[in-house]
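Peer 1: Got a structure here, written out as structure tokens. Questions coming.
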Amino acid sequence: TPLHCAALSDDVESVERLLSAAPEQIDAYGASGWLPIHAAVAAAAMNSVSALVRAGASLDAPTADGDATAYEIAMMHADEGLGEAIATM
């Protein structure tokens, strides 16, 4: 979705604009089975992660298949520092 793309590229302005226009997008799974928060975390896009969390995204929300939460994705796809940073959000 456009929100997933904005989150992946850490385009906070677009993330906020898209959520303002359609807040329900925050809970929309993309074709990959991931929420925008999962995409942002996998890309280590911390500005997007912060914007999504402020807008109500849950770091505990599972992927569509139930395999992982945003925190678990951070630990798989990024570095330990990112996992620690989102654990404190």
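Lettering and numbering for the structure tokens are positional, with chains as A, B, ... in the shown order, residues counted from 1 in each chain, and ligands counted from 1 in the shown order.
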Residues near stretch 50-56 of chain A, anyone? I mean within 12 Å using only C-alpha atoms, not counting same-chain ones fewer than 5 positions away, as number ranges by chain.

Peer 2: A: 3-4, 6-8, 10-20, 22-27, 35-41, 44-45, 61, 70, 82, 85-89

Peer 1: I'd like the contact shell of stretch 31-33 of chain A - 8 Å cut-off, only C-alpha atoms, skipping same-chain residues fewer than 4 positions apart - returned as a PyMOL selection string.

Peer 2: chain A and resi 63-65

Peer 1: What does the file look like for those residues with C-alpha atoms, as an mmCIF file, in the first residue's frame?

Peer 2:
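Result went into part13.cif, see below:
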data_model
loop_
_atom_site.group_PDB
_atom_site.id
_atom_site.type_symbol
_atom_site.label_atom_id
_atom_site.label_comp_id
_atom_site.auth_asym_id
_atom_site.auth_seq_id
_atom_site.Cartn_x
_atom_site.Cartn_y
_atom_site.Cartn_z
ATOM 1 C CA THR A 63 2.016 -10.457 10.873
ATOM 2 C CA ALA A 64 -0.995 -11.869 9.001
ATOM 3 C CA ASP A 65 0.353 -15.405 9.373
#

Peer 1: What does the distance between atom CA of A:Tyr29 and atom CA of A:Asp60 come to in Å, to one decimal place?

Peer 2: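 Computed distance, atom CA of A:Tyr29 to atom CA of A:Asp60, equals 14.4 Å.
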
Peer 1: Can you work out the spacing between atom CA of A:Ala68 and atom CA of A:Ala21 in Å, to one decimal?

Peer 2: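 Going from atom CA of A:Ala68 over to atom CA of A:Ala21, I get 28.1 Å.
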
Peer 1: So the first atom is atom CA of A:Met76 and the second is atom CA of A:Pro2; what is the distance between them in Å, to one decimal place?

Peer 2: 24.1 Å

Peer 1: List every residue of chain A that DSSP, applied to the backbone, labels as alpha helix (DSSP H), and write the result as a PyMOL selection string.

Peer 2: chain A and resi 2-8+12-21+36-42+46-54+70-77+80-87

Peer 1: Store the residues picked out above, limited to N, CA and C atoms, as a CSV table (one decimal), in the first residue's frame.

Peer 2:
chain,number,residue,atom,x,y,z
A,2,PRO,N,0.3,2.4,-0.3
A,2,PRO,CA,1.1,3.6,-0.3
A,2,PRO,C,1.7,3.9,1.1
A,3,LEU,N,1.0,3.5,2.2
A,3,LEU,CA,1.5,3.7,3.5
A,3,LEU,C,2.7,2.8,3.8
A,4,HIS,N,2.6,1.6,3.3
A,4,HIS,CA,3.8,0.7,3.5
A,4,HIS,C,5.0,1.2,2.8
A,5,CYS,N,4.8,1.8,1.6
A,5,CYS,CA,5.9,2.3,0.8
A,5,CYS,C,6.5,3.6,1.5
A,6,ALA,N,5.6,4.4,2.0
A,6,ALA,CA,6.1,5.6,2.8
A,6,ALA,C,6.9,5.2,4.0
A,7,ALA,N,6.3,4.2,4.7
A,7,ALA,CA,7.0,3.7,5.9
A,7,ALA,C,8.4,3.1,5.6
A,8,LEU,N,8.4,2.3,4.6
A,8,LEU,CA,9.7,1.7,4.2
A,8,LEU,C,10.8,2.7,3.8
A,12,VAL,N,8.3,10.3,6.6
A,12,VAL,CA,7.4,10.6,7.7
A,12,VAL,C,6.2,11.6,7.3
A,13,GLU,N,6.6,12.5,6.5
A,13,GLU,CA,5.6,13.5,6.0
A,13,GLU,C,4.4,12.7,5.3
A,14,SER,N,4.8,11.8,4.4
A,14,SER,CA,3.8,11.0,3.7
A,14,SER,C,3.1,10.1,4.6
A,15,VAL,N,3.8,9.4,5.6
A,15,VAL,CA,3.1,8.6,6.5
A,15,VAL,C,2.0,9.3,7.3
A,16,GLU,N,2.4,10.5,7.8
A,16,GLU,CA,1.4,11.3,8.5
A,16,GLU,C,0.2,11.8,7.6
A,17,ARG,N,0.5,12.2,6.4
A,17,ARG,CA,-0.5,12.6,5.4
A,17,ARG,C,-1.5,11.5,5.1
A,18,LEU,N,-0.9,10.3,4.8
A,18,LEU,CA,-1.7,9.1,4.5
A,18,LEU,C,-2.6,8.7,5.7
A,19,LEU,N,-2.0,8.7,6.9
A,19,LEU,CA,-2.8,8.4,8.0
A,19,LEU,C,-3.9,9.4,8.3
A,20,SER,N,-3.6,10.6,8.1
A,20,SER,CA,-4.6,11.7,8.3
A,20,SER,C,-5.8,11.5,7.4
A,21,ALA,N,-5.5,11.1,6.1
A,21,ALA,CA,-6.6,10.9,5.1
A,21,ALA,C,-7.4,9.6,5.4
A,36,PRO,N,2.0,-1.8,8.1
A,36,PRO,CA,3.0,-0.8,7.9
A,36,PRO,C,4.1,-0.7,9.0
A,37,ILE,N,3.7,-1.0,10.2
A,37,ILE,CA,4.7,-1.0,11.3
A,37,ILE,C,5.8,-2.1,11.1
A,38,HIS,N,5.4,-3.2,10.6
A,38,HIS,CA,6.3,-4.3,10.3
A,38,HIS,C,7.3,-3.9,9.2
A,39,ALA,N,6.8,-3.2,8.1
A,39,ALA,CA,7.6,-2.7,7.0
A,39,ALA,C,8.7,-1.7,7.5
A,40,ALA,N,8.2,-0.8,8.3
A,40,ALA,CA,9.1,0.3,8.9
A,40,ALA,C,10.2,-0.3,9.7
A,41,VAL,N,9.8,-1.2,10.6
A,41,VAL,CA,10.8,-1.9,11.4
A,41,VAL,C,11.8,-2.7,10.6
A,42,ALA,N,11.4,-3.4,9.7
A,42,ALA,CA,12.3,-4.2,8.8
A,42,ALA,C,13.3,-3.3,8.1
A,46,MET,N,13.3,4.4,11.6
A,46,MET,CA,12.9,4.8,13.0
A,46,MET,C,11.9,6.0,13.0
A,47,ASN,N,12.1,6.9,12.1
A,47,ASN,CA,11.2,8.0,12.1
A,47,ASN,C,9.8,7.6,11.7
A,48,SER,N,9.7,6.6,10.8
A,48,SER,CA,8.4,6.1,10.4
A,48,SER,C,7.8,5.2,11.6
A,49,VAL,N,8.7,4.5,12.2
A,49,VAL,CA,8.2,3.6,13.3
A,49,VAL,C,7.7,4.6,14.4
A,50,SER,N,8.3,5.6,14.7
A,50,SER,CA,7.9,6.6,15.7
A,50,SER,C,6.5,7.2,15.3
A,51,ALA,N,6.4,7.6,14.1
A,51,ALA,CA,5.2,8.2,13.6
A,51,ALA,C,4.0,7.2,13.7
A,52,LEU,N,4.3,6.0,13.3
A,52,LEU,CA,3.2,5.0,13.3
A,52,LEU,C,2.8,4.6,14.7
A,53,VAL,N,3.8,4.5,15.6
A,53,VAL,CA,3.4,4.3,17.0
A,53,VAL,C,2.6,5.4,17.6
A,54,ARG,N,3.0,6.7,17.3
A,54,ARG,CA,2.3,7.8,17.8
A,54,ARG,C,0.8,7.8,17.3
A,70,ALA,N,6.4,-6.8,15.4
A,70,ALA,CA,7.3,-5.8,15.0
A,70,ALA,C,8.7,-5.9,15.7
A,71,TYR,N,8.6,-6.2,17.0
A,71,TYR,CA,9.8,-6.4,17.8
A,71,TYR,C,10.6,-7.6,17.3
A,72,GLU,N,10.0,-8.6,17.0
A,72,GLU,CA,10.7,-9.8,16.5
A,72,GLU,C,11.3,-9.6,15.2
A,73,ILE,N,10.6,-8.8,14.3
A,73,ILE,CA,11.1,-8.5,13.0
A,73,ILE,C,12.4,-7.6,13.1
A,74,ALA,N,12.3,-6.7,14.1
A,74,ALA,CA,13.5,-5.9,14.3
A,74,ALA,C,14.7,-6.7,14.7
A,75,MET,N,14.5,-7.7,15.5
A,75,MET,CA,15.6,-8.6,15.9
A,75,MET,C,16.1,-9.4,14.7
A,76,MET,N,15.2,-9.8,13.8
A,76,MET,CA,15.6,-10.6,12.7
A,76,MET,C,16.2,-9.8,11.5
A,77,HIS,N,15.7,-8.6,11.3
A,77,HIS,CA,16.1,-7.8,10.1
A,77,HIS,C,17.0,-6.6,10.4
A,80,GLU,N,20.5,-5.1,17.0
A,80,GLU,CA,20.0,-5.2,18.4
A,80,GLU,C,19.6,-3.8,18.9
A,81,GLY,N,20.3,-2.8,18.5
A,81,GLY,CA,19.9,-1.4,18.9
A,81,GLY,C,18.5,-1.0,18.6
A,82,LEU,N,18.1,-1.4,17.4
A,82,LEU,CA,16.7,-1.1,16.9
A,82,LEU,C,15.7,-1.8,17.8
A,83,GLY,N,16.0,-3.1,18.1
A,83,GLY,CA,15.1,-3.9,18.9
A,83,GLY,C,15.0,-3.2,20.3
A,84,GLU,N,16.1,-2.8,20.8
A,84,GLU,CA,16.1,-2.1,22.1
A,84,GLU,C,15.3,-0.8,22.1
A,85,ALA,N,15.5,-0.1,21.0
A,85,ALA,CA,14.8,1.2,20.8
A,85,ALA,C,13.3,1.1,20.8
A,86,ILE,N,12.8,0.1,20.0
A,86,ILE,CA,11.4,-0.1,19.9
A,86,ILE,C,10.8,-0.7,21.2
A,87,ALA,N,11.6,-1.5,21.9
A,87,ALA,CA,11.1,-2.1,23.1
A,87,ALA,C,10.8,-1.0,24.1
